[in-house]
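Structure data follow from structure-v4.cif (mmCIF, C-alpha atoms):
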```
data_structure
loop_
_atom_site.label_atom_id
_atom_site.label_comp_id
_atom_site.auth_asym_id
_atom_site.auth_seq_id
_atom_site.Cartn_x
_atom_site.Cartn_y
_atom_site.Cartn_z
CA MET A 1 0.00 0.00 0.00
CA ALA A 2 1.39 3.42 -0.93
CA ASP A 3 2.54 5.50 2.06
CA ASN A 4 0.13 8.38 1.45
CA LEU A 5 -2.89 6.12 1.06
CA SER A 6 -1.85 4.11 4.09
CA ARG A 7 -1.51 7.27 6.20
CA TYR A 8 -4.93 8.47 5.03
CA LEU A 9 -6.57 5.18 5.99
CA ASP A 10 -4.79 5.07 9.37
CA SER A 11 -6.06 8.52 10.11
CA PHE A 12 -9.58 7.54 8.96
CA LYS A 13 -9.58 4.46 11.19
CA ALA A 14 -8.28 6.43 14.18
CA CYS A 15 -11.25 8.81 13.90
CA LEU A 16 -13.84 6.07 13.49
CA GLU A 17 -15.13 4.24 16.56
CA ILE A 18 -17.40 1.48 15.35
CA ASP A 19 -17.32 -2.30 15.32
CA SER A 20 -13.82 -3.36 14.22
CA ALA A 21 -15.05 -5.74 11.49
CA VAL A 22 -17.22 -3.01 9.94
CA LYS A 23 -14.36 -0.54 10.28
CA GLU A 24 -12.00 -2.87 8.41
CA SER A 25 -14.53 -3.44 5.63
CA VAL A 26 -15.22 0.30 5.21
CA SER A 27 -11.53 1.24 5.14
CA ARG A 28 -10.83 -1.56 2.67
CA GLU A 29 -13.59 -0.18 0.46
CA LEU A 30 -12.11 3.33 0.70
CA TYR A 31 -8.71 1.92 -0.19
CA THR A 32 -10.08 0.30 -3.37
CA HIS A 33 -11.62 3.65 -4.27
CA LEU A 34 -8.31 5.48 -3.78
CA GLU A 35 -6.56 2.75 -5.73
CA ASP A 36 -8.94 3.16 -8.71
CA LYS A 37 -8.76 6.93 -8.66
CA SER A 38 -4.98 6.96 -8.36
CA GLN A 39 -4.62 4.43 -11.18
CA GLU A 40 -6.82 6.56 -13.45
CA LEU A 41 -4.78 9.68 -12.70
CA LYS A 42 -1.51 7.82 -13.34
CA GLU A 43 -2.86 6.75 -16.73
CA LYS A 44 -3.48 10.44 -17.42
CA GLY A 45 0.22 11.11 -16.81
CA LEU A 46 0.52 12.06 -13.16
CA SER A 47 3.33 10.65 -11.03
CA GLU A 48 2.40 8.10 -8.36
CA GLU A 49 2.86 10.62 -5.58
CA GLU A 50 0.78 13.28 -7.32
CA ALA A 51 -1.93 10.79 -8.23
CA ASP A 52 -2.24 9.59 -4.62
CA LYS A 53 -2.36 13.17 -3.40
CA VAL A 54 -5.16 14.16 -5.81
CA ALA A 55 -7.10 10.96 -5.04
CA ILE A 56 -6.91 11.69 -1.31
CA GLN A 57 -7.98 15.30 -1.81
CA ALA A 58 -10.98 14.19 -3.89
CA LEU A 59 -12.12 11.82 -1.16
CA GLY A 60 -11.96 14.60 1.43
CA SER A 61 -10.89 14.95 5.04
CA PRO A 62 -10.56 11.54 6.75
CA LYS A 63 -12.13 13.02 9.87
CA LEU A 64 -15.21 14.18 7.96
CA VAL A 65 -15.61 10.87 6.10
CA ALA A 66 -15.18 9.01 9.43
CA GLN A 67 -17.77 11.25 11.08
CA GLN A 68 -20.33 10.65 8.32
CA THR A 69 -19.61 6.91 8.40
CA TYR A 70 -20.00 6.89 12.19
CA GLU A 71 -23.38 8.63 11.91
CA VAL A 72 -24.62 5.82 9.66
CA HIS A 73 -23.30 2.91 11.68
CA ALA A 74 -23.68 4.21 15.23
CA GLN A 75 -27.39 4.95 15.09
CA GLY A 76 -29.54 2.05 16.21
CA SER A 77 -33.12 1.46 15.12
CA TRP A 78 -36.12 2.11 17.38
CA GLN A 79 -36.36 -1.65 17.92
CA GLU A 80 -32.75 -1.79 19.08
CA ALA A 81 -33.34 1.25 21.31
CA PHE A 82 -36.34 -0.44 22.91
CA PHE A 83 -34.50 -3.69 23.45
CA ALA A 84 -31.54 -1.83 24.96
CA ALA A 85 -33.85 0.02 27.37
CA LEU A 86 -35.86 -3.13 28.20
CA PRO A 87 -33.77 -4.34 31.19
CA HIS A 88 -34.03 -0.88 32.79
CA LEU A 89 -37.78 -0.83 32.18
CA LEU A 90 -38.07 -4.30 33.74
CA VAL A 91 -36.20 -3.14 36.83
CA THR A 92 -38.43 -0.05 37.01
CA LEU A 93 -41.46 -2.33 36.84
CA VAL A 94 -40.09 -4.64 39.55
CA LEU A 95 -39.41 -1.62 41.79
CA ALA A 96 -42.76 0.03 41.09
CA SER A 97 -44.64 -3.16 41.91
CA TYR A 98 -42.47 -3.84 44.99
CA TYR A 99 -41.64 -7.27 43.53
CA TRP A 100 -37.98 -6.65 44.36
CA GLN A 101 -38.68 -8.23 47.74
CA ASN A 102 -39.72 -11.45 46.00
CA ILE A 103 -36.59 -13.59 45.58
CA LEU A 104 -38.20 -15.79 42.90
CA CYS A 105 -39.17 -12.80 40.76
CA LEU A 106 -35.69 -11.26 41.14
CA SER A 107 -34.03 -14.57 40.27
CA ILE A 108 -36.11 -14.96 37.09
CA VAL A 109 -35.22 -11.41 35.96
CA LEU A 110 -31.54 -11.99 36.78
CA ILE A 111 -31.34 -15.37 34.99
CA ALA A 112 -33.11 -13.95 31.91
CA THR A 113 -30.71 -10.98 31.89
CA VAL A 114 -27.64 -13.19 32.15
CA GLY A 115 -29.01 -15.47 29.39
CA ILE A 116 -29.66 -12.54 27.05
CA ALA A 117 -26.22 -11.03 27.79
CA ILE A 118 -24.50 -14.35 26.94
CA TYR A 119 -26.62 -14.65 23.77
CA GLY A 120 -25.67 -11.10 22.68
CA TRP A 121 -21.97 -11.71 23.37
CA HIS A 122 -21.97 -14.64 20.97
CA ARG A 123 -24.08 -12.81 18.34
CA ASP A 124 -21.51 -10.17 17.31
CA LYS A 125 -22.31 -7.89 20.26
CA PRO A 126 -25.21 -5.86 18.81
CA ILE A 127 -25.70 -2.33 20.07
CA TRP A 128 -28.73 -3.24 22.23
CA PHE A 129 -26.82 -5.81 24.23
CA PHE A 130 -24.46 -3.54 26.23
CA PRO A 131 -26.99 -2.53 28.92
CA TRP A 132 -27.80 -6.24 29.40
CA LEU A 133 -24.08 -6.88 29.78
CA GLY A 134 -24.01 -4.33 32.61
CA TYR A 135 -26.60 -6.36 34.54
CA TYR A 136 -24.65 -9.51 33.74
CA LEU A 137 -21.74 -8.04 35.73
CA LEU A 138 -24.00 -7.55 38.76
CA PRO A 139 -23.94 -11.21 39.92
CA VAL A 140 -20.17 -11.27 39.28
CA ILE A 141 -19.70 -8.36 41.71
CA ALA A 142 -22.44 -9.52 44.11
CA THR A 143 -20.82 -12.97 44.44
CA GLY A 144 -17.58 -11.26 45.49
CA ILE A 145 -19.44 -9.31 48.19
CA LEU A 146 -21.25 -12.44 49.42
CA LEU A 147 -17.89 -14.12 50.03
CA ILE A 148 -17.66 -11.96 53.17
CA PHE A 149 -20.41 -14.06 54.68
CA LEU A 150 -18.56 -17.36 54.25
CA PRO A 151 -17.35 -19.09 57.45
CA GLN A 152 -14.07 -17.83 58.94
CA GLY A 153 -11.07 -18.95 56.89
CA TRP A 154 -13.13 -19.78 53.82
CA THR A 155 -13.61 -16.06 53.13
CA TRP A 156 -9.89 -15.54 52.45
CA LEU A 157 -9.61 -18.69 50.38
CA GLY A 158 -12.73 -17.75 48.40
CA MET A 159 -11.47 -14.21 47.82
CA LEU A 160 -8.05 -15.44 46.80
CA ILE A 161 -9.59 -17.56 44.06
CA TYR A 162 -12.59 -15.44 43.15
CA ILE A 163 -11.16 -11.90 43.02
CA PRO A 164 -8.49 -12.60 40.32
CA LEU A 165 -11.09 -14.56 38.34
CA ALA A 166 -13.72 -11.80 38.62
CA LEU A 167 -11.13 -9.14 37.77
CA PHE A 168 -10.06 -11.13 34.74
CA VAL A 169 -13.69 -11.36 33.52
CA LEU A 170 -14.25 -7.65 34.23
CA VAL A 171 -11.08 -6.47 32.47
CA TYR A 172 -11.73 -8.78 29.52
CA ILE A 173 -15.29 -7.50 29.07
CA VAL A 174 -14.24 -3.85 29.45
CA ARG A 175 -11.43 -4.29 26.91
CA GLN A 176 -13.72 -5.99 24.40
CA THR A 177 -16.33 -3.27 24.84
CA ALA A 178 -13.78 -0.46 24.63
CA ASN A 179 -12.47 -1.97 21.38
CA ARG A 180 -15.89 -1.26 19.96
CA ASP A 181 -16.30 2.18 21.52
CA TRP A 182 -15.32 3.72 24.86
CA LEU A 183 -18.77 5.28 25.21
CA TYR A 184 -20.25 1.76 25.30
CA VAL A 185 -18.25 1.09 28.46
CA SER A 186 -20.19 3.90 30.15
CA LEU A 187 -23.46 2.58 28.72
CA MET A 188 -22.61 -0.88 30.07
CA PHE A 189 -21.70 0.38 33.57
CA ALA A 190 -24.71 2.72 33.81
CA PRO A 191 -27.04 0.26 35.62
CA LEU A 192 -24.25 -0.69 38.04
CA LEU A 193 -23.71 2.99 38.78
CA VAL A 194 -27.39 3.48 39.61
CA ILE A 195 -27.43 0.42 41.90
CA TYR A 196 -24.16 1.42 43.56
CA SER A 197 -25.33 5.01 44.11
CA TRP A 198 -28.47 3.81 45.86
CA LEU A 199 -26.54 1.32 47.99
CA LEU A 200 -24.48 4.27 49.22
CA THR A 201 -27.63 5.90 50.59
CA LEU A 202 -28.27 2.96 52.92
CA SER A 203 -27.55 3.80 56.52
CA PRO A 204 -24.28 2.21 57.64
CA LYS A 205 -25.43 2.18 61.28
CA SER A 206 -26.73 -1.39 61.23
CA GLY A 207 -24.12 -2.93 58.97
CA PHE A 208 -23.99 -3.34 55.24
CA LEU A 209 -27.10 -4.94 53.77
CA SER A 210 -28.20 -6.37 57.06
CA GLY A 211 -31.02 -5.46 59.38
CA ASN A 212 -34.44 -4.10 58.73
CA LEU A 213 -33.35 -0.47 58.58
CA GLN A 214 -31.92 -0.83 55.07
CA LEU A 215 -35.03 -2.65 53.87
CA VAL A 216 -37.18 0.17 55.19
CA GLN A 217 -34.92 2.71 53.50
CA LEU A 218 -35.10 0.81 50.22
CA HIS A 219 -38.86 0.58 50.55
CA VAL A 220 -39.19 4.32 51.17
CA ASN A 221 -36.82 5.20 48.33
CA ALA A 222 -38.28 2.70 45.83
CA PRO A 223 -40.16 5.38 43.79
CA LEU A 224 -37.00 7.52 43.47
CA ILE A 225 -34.91 4.46 42.60
CA GLY A 226 -37.56 3.61 40.00
CA ILE A 227 -37.25 7.13 38.56
CA SER A 228 -33.46 6.64 38.32
CA PHE A 229 -33.96 3.45 36.30
CA LEU A 230 -36.60 5.16 34.15
CA ALA A 231 -34.09 7.97 33.49
CA LEU A 232 -31.58 5.27 32.63
CA ALA A 233 -34.04 3.77 30.13
CA VAL A 234 -34.67 7.18 28.53
CA SER A 235 -30.97 8.03 28.29
CA THR A 236 -30.32 4.58 26.77
CA VAL A 237 -32.93 5.21 24.07
CA VAL A 238 -31.39 8.63 23.33
CA PHE A 239 -27.91 7.06 23.28
CA ILE A 240 -28.92 4.35 20.80
CA ARG A 241 -30.90 6.67 18.52
CA ALA A 242 -28.37 9.53 18.49
CA ARG A 243 -26.23 9.75 15.39
CA GLN A 244 -23.52 11.97 16.77
CA ARG A 245 -21.13 11.01 19.54
CA TRP A 246 -21.71 14.23 21.44
CA TYR A 247 -25.42 13.57 21.77
CA LYS A 248 -24.63 10.09 23.08
CA ALA A 249 -22.24 11.60 25.62
CA ILE A 250 -24.82 14.22 26.65
CA ALA A 251 -27.41 11.46 27.24
CA LEU A 252 -25.02 9.78 29.69
CA LEU A 253 -24.14 13.08 31.39
CA ALA A 254 -27.83 13.87 31.85
CA LEU A 255 -28.24 10.48 33.50
CA SER A 256 -25.43 11.23 35.98
CA THR A 257 -27.19 14.48 36.89
CA VAL A 258 -30.51 12.70 37.48
CA ILE A 259 -28.80 10.09 39.69
CA LEU A 260 -27.06 12.79 41.70
CA ALA A 261 -30.30 14.77 42.11
CA SER A 262 -32.42 11.77 43.14
CA VAL A 263 -29.79 10.47 45.57
CA ALA A 264 -29.54 13.96 47.08
CA LEU A 265 -33.33 14.08 47.45
CA ALA A 266 -33.53 10.70 49.11
CA SER A 267 -30.43 10.49 51.26
CA ARG A 268 -30.47 13.76 53.20
CA GLU A 269 -27.74 13.34 55.84
CA SER A 270 -27.38 9.53 55.58
CA ILE A 271 -24.60 9.55 52.98
CA GLY A 272 -22.13 11.78 54.81
CA PHE A 273 -19.01 13.51 53.48
CA TRP A 274 -17.14 10.37 52.40
CA GLY A 275 -20.25 8.92 50.78
CA TRP A 276 -20.70 12.05 48.68
CA LEU A 277 -17.02 12.08 47.79
CA ILE A 278 -17.17 8.42 46.65
CA LEU A 279 -20.39 9.08 44.72
CA ILE A 280 -18.99 12.12 42.91
CA LEU A 281 -15.74 10.29 42.12
CA SER A 282 -17.77 7.34 40.76
CA LEU A 283 -19.81 9.67 38.55
CA LEU A 284 -16.59 11.27 37.30
CA ALA A 285 -15.17 7.80 36.55
CA PHE A 286 -18.41 6.92 34.75
CA THR A 287 -18.13 10.00 32.55
CA ALA A 288 -14.36 9.50 31.98
CA PRO A 289 -14.78 8.11 28.43
CA MET A 290 -16.48 11.38 27.47
CA TRP A 291 -13.56 13.48 28.76
CA ILE A 292 -11.15 11.16 26.96
CA GLN A 293 -13.22 11.68 23.82
CA ALA A 294 -13.20 15.47 24.23
CA LYS A 295 -9.43 15.53 24.80
CA ASP A 296 -8.87 13.16 21.89
CA ASN A 297 -10.96 15.33 19.57
CA ALA A 298 -9.08 18.46 20.60
CA TRP A 299 -5.81 16.64 19.96
CA ARG A 300 -6.93 15.51 16.52
CA VAL A 301 -8.13 18.98 15.57
CA ARG A 302 -4.80 20.47 16.61
CA PHE A 303 -2.64 18.03 14.70
CA MET B 1 -25.93 27.59 -1.18
CA ASN B 2 -25.71 26.15 -4.69
CA TYR B 3 -29.24 25.13 -5.75
CA GLY B 4 -28.01 22.31 -8.03
CA ARG B 5 -26.05 20.83 -5.13
CA GLU B 6 -29.12 21.00 -2.91
CA LEU B 7 -31.16 19.20 -5.57
CA LEU B 8 -28.52 16.48 -5.81
CA LYS B 9 -28.41 16.16 -2.01
CA GLY B 10 -32.16 15.65 -1.86
CA ASN B 11 -32.12 12.99 -4.56
CA THR B 12 -28.84 11.19 -3.86
CA ASP B 13 -30.50 8.04 -2.55
CA SER B 14 -32.83 7.76 -5.57
CA LEU B 15 -29.97 8.30 -8.02
CA LEU B 16 -27.82 5.70 -6.30
CA LEU B 17 -30.68 3.22 -6.17
CA TYR B 18 -31.41 3.79 -9.85
CA LEU B 19 -27.80 3.27 -10.92
CA ILE B 20 -27.37 0.14 -8.81
CA ASN B 21 -30.69 -1.17 -10.07
CA CYS B 22 -29.47 -0.85 -13.69
CA HIS B 23 -26.63 -3.23 -12.89
CA PRO B 24 -24.74 -4.21 -9.73
CA THR B 25 -21.79 -1.88 -9.32
CA TYR B 26 -19.20 -0.53 -6.85
CA GLY B 27 -18.40 2.91 -5.42
CA TYR B 28 -15.87 4.27 -7.86
CA GLN B 29 -17.87 3.05 -10.87
CA ILE B 30 -20.98 4.78 -9.50
CA ILE B 31 -19.19 8.14 -9.41
CA LYS B 32 -17.87 7.72 -12.96
CA GLU B 33 -21.25 6.64 -14.26
CA LEU B 34 -23.08 9.49 -12.55
CA GLU B 35 -20.70 12.01 -14.09
CA LYS B 36 -20.91 10.35 -17.51
CA LYS B 37 -24.70 9.98 -17.61
CA SER B 38 -25.27 13.56 -16.46
CA ASN B 39 -22.59 14.95 -18.83
CA GLY B 40 -20.60 16.17 -15.83
CA TYR B 41 -23.57 17.96 -14.21
CA PHE B 42 -23.53 15.75 -11.13
CA GLN B 43 -20.13 16.09 -9.46
CA PHE B 44 -20.54 13.78 -6.50
CA LYS B 45 -18.40 14.53 -3.44
CA GLU B 46 -16.46 11.29 -3.30
CA GLY B 47 -16.20 11.10 0.48
CA THR B 48 -19.96 11.36 0.92
CA LEU B 49 -20.71 8.47 -1.44
CA TYR B 50 -19.80 5.65 0.95
CA PRO B 51 -21.79 6.90 3.95
CA ALA B 52 -24.77 7.28 1.54
CA LEU B 53 -24.29 3.71 0.26
CA HIS B 54 -23.98 2.36 3.80
CA ARG B 55 -27.14 4.20 4.85
CA LEU B 56 -29.02 2.54 1.98
CA GLU B 57 -27.55 -0.79 3.00
CA LYS B 58 -28.56 -0.26 6.63
CA ASP B 59 -32.11 0.51 5.48
CA LYS B 60 -31.94 -2.80 3.54
CA PHE B 61 -32.52 -1.10 0.17
CA ILE B 62 -29.23 -2.45 -1.15
CA THR B 63 -26.80 -5.16 -0.16
CA GLY B 64 -23.02 -5.19 -0.58
CA LYS B 65 -20.78 -8.14 -1.43
CA TRP B 66 -17.03 -8.35 -1.99
CA GLN B 67 -16.31 -9.77 -5.44
CA MET B 68 -13.15 -10.62 -7.31
CA LEU B 69 -12.52 -8.77 -10.60
CA ALA B 70 -10.86 -10.41 -13.60
CA ASN B 71 -7.54 -8.75 -12.65
CA GLY B 72 -7.64 -10.36 -9.20
CA GLN B 73 -8.60 -7.18 -7.36
CA GLN B 74 -11.60 -7.17 -5.05
CA ARG B 75 -14.39 -4.60 -5.12
CA ARG B 76 -17.51 -4.25 -3.01
CA TYR B 77 -20.45 -4.63 -5.39
CA TYR B 78 -23.87 -3.35 -4.46
CA TYR B 79 -27.17 -5.00 -5.40
CA VAL B 80 -30.67 -3.59 -5.04
CA THR B 81 -32.94 -5.65 -2.79
CA ARG B 82 -36.66 -6.24 -3.35
CA LYS B 83 -37.40 -3.58 -0.74
CA GLY B 84 -35.05 -1.21 -2.62
CA GLN B 85 -36.83 -1.90 -5.92
CA GLN B 86 -40.18 -1.10 -4.35
CA ILE B 87 -38.99 2.19 -2.88
CA LEU B 88 -37.26 3.09 -6.16
CA ALA B 89 -40.48 2.48 -8.13
CA LYS B 90 -42.38 4.75 -5.72
CA ARG B 91 -39.74 7.49 -5.91
CA LEU B 92 -39.54 7.35 -9.70
CA ALA B 93 -43.32 7.67 -9.97
CA ALA B 94 -43.29 10.61 -7.56
CA TRP B 95 -40.44 12.25 -9.47
CA GLN B 96 -42.26 11.71 -12.77
CA ASP B 97 -45.39 13.41 -11.41
CA PHE B 98 -43.32 16.26 -10.00
CA SER B 99 -41.43 16.71 -13.26
CA VAL B 100 -44.66 16.76 -15.33
CA ALA B 101 -46.19 19.32 -12.97
CA ILE B 102 -43.09 21.56 -13.11
CA LYS B 103 -42.96 21.34 -16.90
CA ALA B 104 -46.66 22.18 -17.15
CA ILE B 105 -46.03 25.37 -15.20
CA ILE B 106 -42.79 26.60 -16.73
CA GLN B 107 -43.39 25.67 -20.37
CA PRO B 108 -45.29 28.23 -22.44
CA GLU B 109 -48.80 27.08 -23.31
CA ALA B 110 -49.30 25.86 -26.90
CA THR B 111 -51.51 28.27 -28.89
#
```

Output the file's structure as structure tokens, nothing else.
Amino acid sequence: MADNLSRYLDSFKACLEIDSAVKESVSRELYTHLEDKSQELKEKGLSEEEADKVAIQALGSPKLVAQQTYEVHAQGSWQEAFFAALPHLLVTLVLASYYWQNILCLSIVLIATVGIAIYGWHRDKPIWFFPWLGYYLLPVIATGILLIFLPQGWTWLGMLIYIPLALFVLVYIVRQTANRDWLYVSLMFAPLLVIYSWLLTLSPKSGFLSGNLQLVQLHVNAPLIGISFLALAVSTVVFIRARQRWYKAIALLALSTVILASVALASRESIGFWGWLILILSLLAFTAPMWIQAKDNAWRVRF
Amino acid sequence: MNYGRELLKGNTDSLLLYLINCHPTYGYQIIKELEKKSNGYFQFKEGTLYPALHRLEKDKFITGKWQMLANGQQRRYYYVTRKGQQILAKRLAAWQDFSVAIKAIIQPEAT
């Protein structure tokens, strides 16, 4: 491949964050176009270097072509948007109907979620599947927490085996998702962030997840928690339907604001200074891919 | 903004569908054919062609397949689907009606 054409395609690929197989196919197609155009110009008497240069100019800025290509491939259909928002809507329904206290109902929802996440993983990771994948990570993390309740001695052994395994799964999933698009990592972690934020509001006075006090708190806050999941569903739909990356990022930022506002409304003084600090740091970590994107864009514009 | 360019922008999908419907073809050939058939009137911005083709493919109006040419090179050929043919027929009919109506207005009446 000629150096100029190769540089153009590298730059195009660097600006385009879509599924890697699609990206390869699109850049290969652009290469064949440049090849044809350059060949035609060479036949007209231009040198190879000049022909490549003119062919590249005719195709236009790689950033612009990548942006237009992204807008086509990154927008999901209404069906995909609905299916992506479905797990959040199911959780909202469970919370609204107070079925979250029914272990059987929760287990069915959890098993279905895990099943759908595994199905999506093996079906080329469609856009709708990332929120389901977020819920799939919930039992992975919850199992780690439950290890605390094992008999003395077994806890350490369990943690020693489980934590590296869970971390491996987590890192592997995050890397695979980030390969597709960093924004999808935020979309995937969004349900975990909502759950985690609400767990922070539970009073620590009677121990983590034990005692009736937390159950009462959860019961009282159920409508606000439901609203958080409903906001999550809405932001997921906006994320899937948006063509431009900035709109997707704004949908996730809006979600963080809703979580912060509803937690503030519900918690009053129960969170405390450190709780707020952890929550704000978590929200910043959640929005990190957007800051990376902004910095990356600024860098690309400059150079 | 250039009115001719605006017209082309509004009808890009129909033109692409029409050309691909005539015979399966690939990106570069589409640009050449468009220029040739319109006597150079339609100067397609090359970079915008592929996103337009991919949008049509996403809407399932066309389908793309990599094919080997006689010289061993591979090109991505596009084919119009049944759904694409149906939408093309509708658009052509609408364009025909529009064109007749415009002509009826701008042409001087026969005495």

So which residues get picked by the PyMOL selection byres ((chain B) within 8 of (chain A)) here, written as a VMD selection string?
-> chain B and resid 27 to 28 45 to 48 50 to 51 54 to 55 58 74 to 76

Restricting it to C-alpha atoms, dump the selection as a JSON list (two decimals), in the coordinates of the input.
```
[["chain", "number", "residue", "atom", "x", "y", "z"],
["B", 27, "GLY", "CA", -18.40, 2.91, -5.42],
["B", 28, "TYR", "CA", -15.87, 4.27, -7.86],
["B", 45, "LYS", "CA", -18.40, 14.53, -3.44],
["B", 46, "GLU", "CA", -16.46, 11.29, -3.30],
["B", 47, "GLY", "CA", -16.20, 11.10, 0.48],
["B", 48, "THR", "CA", -19.96, 11.36, 0.92],
["B", 50, "TYR", "CA", -19.80, 5.65, 0.95],
["B", 51, "PRO", "CA", -21.79, 6.90, 3.95],
["B", 54, "HIS", "CA", -23.98, 2.36, 3.80],
["B", 55, "ARG", "CA", -27.14, 4.20, 4.85],
["B", 58, "LYS", "CA", -28.56, -0.26, 6.63],
["B", 74, "GLN", "CA", -11.60, -7.17, -5.05],
["B", 75, "ARG", "CA", -14.39, -4.60, -5.12],
["B", 76, "ARG", "CA", -17.51, -4.25, -3.01]]
```

Of the candidates B:Ala104, B:Asn71, B:Glu57, B:Leu15, which one gets nearest to Ile30 of chain B if we count all atoms listed in the file?
->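 Among the listed residues, B:Leu15 lies closest to Ile30 of chain B.
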
Enumerate, as JSON, numbers by chain, the residues matched when the PyMOL selection byres ((chain A and resi 259) around 12) is run on the file above.
-> {"A": [190, 191, 192, 193, 194, 195, 196, 197, 198, 200, 201, 224, 225, 226, 227, 228, 229, 230, 231, 232, 235, 252, 253, 254, 255, 256, 257, 258, 260, 261, 262, 263, 264, 265, 266, 267, 279, 280, 282, 283, 286]}

Which distance in Å separates atom CA of Gly134 of chain A and atom CA of Phe189 of chain A, to one decimal?
-> 5.3 Å

Two-atom distance - atom CA of Val185 of chain A, atom CA of Trp274 of chain A (Å) =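 These two atoms are separated by 25.7 Å.
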
I would like the residues chosen by the PyMOL selection byres ((chain A and resi 246) around 12) on the shown file; could you give them as an MDAnalysis selection string?
-> chainID A and resid 67 70:71 74 183 238:239 242:245 247:253 289:291 293:294 297

Closest of B:Ala70, B:Ile105, B:Leu92, B:Leu53 to Tyr26 of chain B, counting all atoms listed in the file, is B:Leu53

Write out as number ranges by chain which residues come within 12 Å of Glu6 of chain B when counting only C-alpha atoms, dropping same-chain ones fewer than 6 positions away.
-> B: 12, 42, 44

Report the distance between atom CA of Ile62 of chain B and atom CA of Ser99 of chain B in Å, rounded to one decimal place.
->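 So the answer is 25.7 Å.
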
When distances are computed from only C-alpha atoms, which of A:Phe82, A:Lys63, A:Glu40, A:Ile161 shows the smallest separation from Leu9 of chain A?
->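 That would be A:Lys63, the residue with the smallest distance to Leu9 of chain A.
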
Which is closer to Ser38 of chain B than all the others in B:Gln67, B:Pro24, B:Leu8, B:Arg82, using only C-alpha atoms?
->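 Result for the nearest residue to Ser38 of chain B: B:Leu8.
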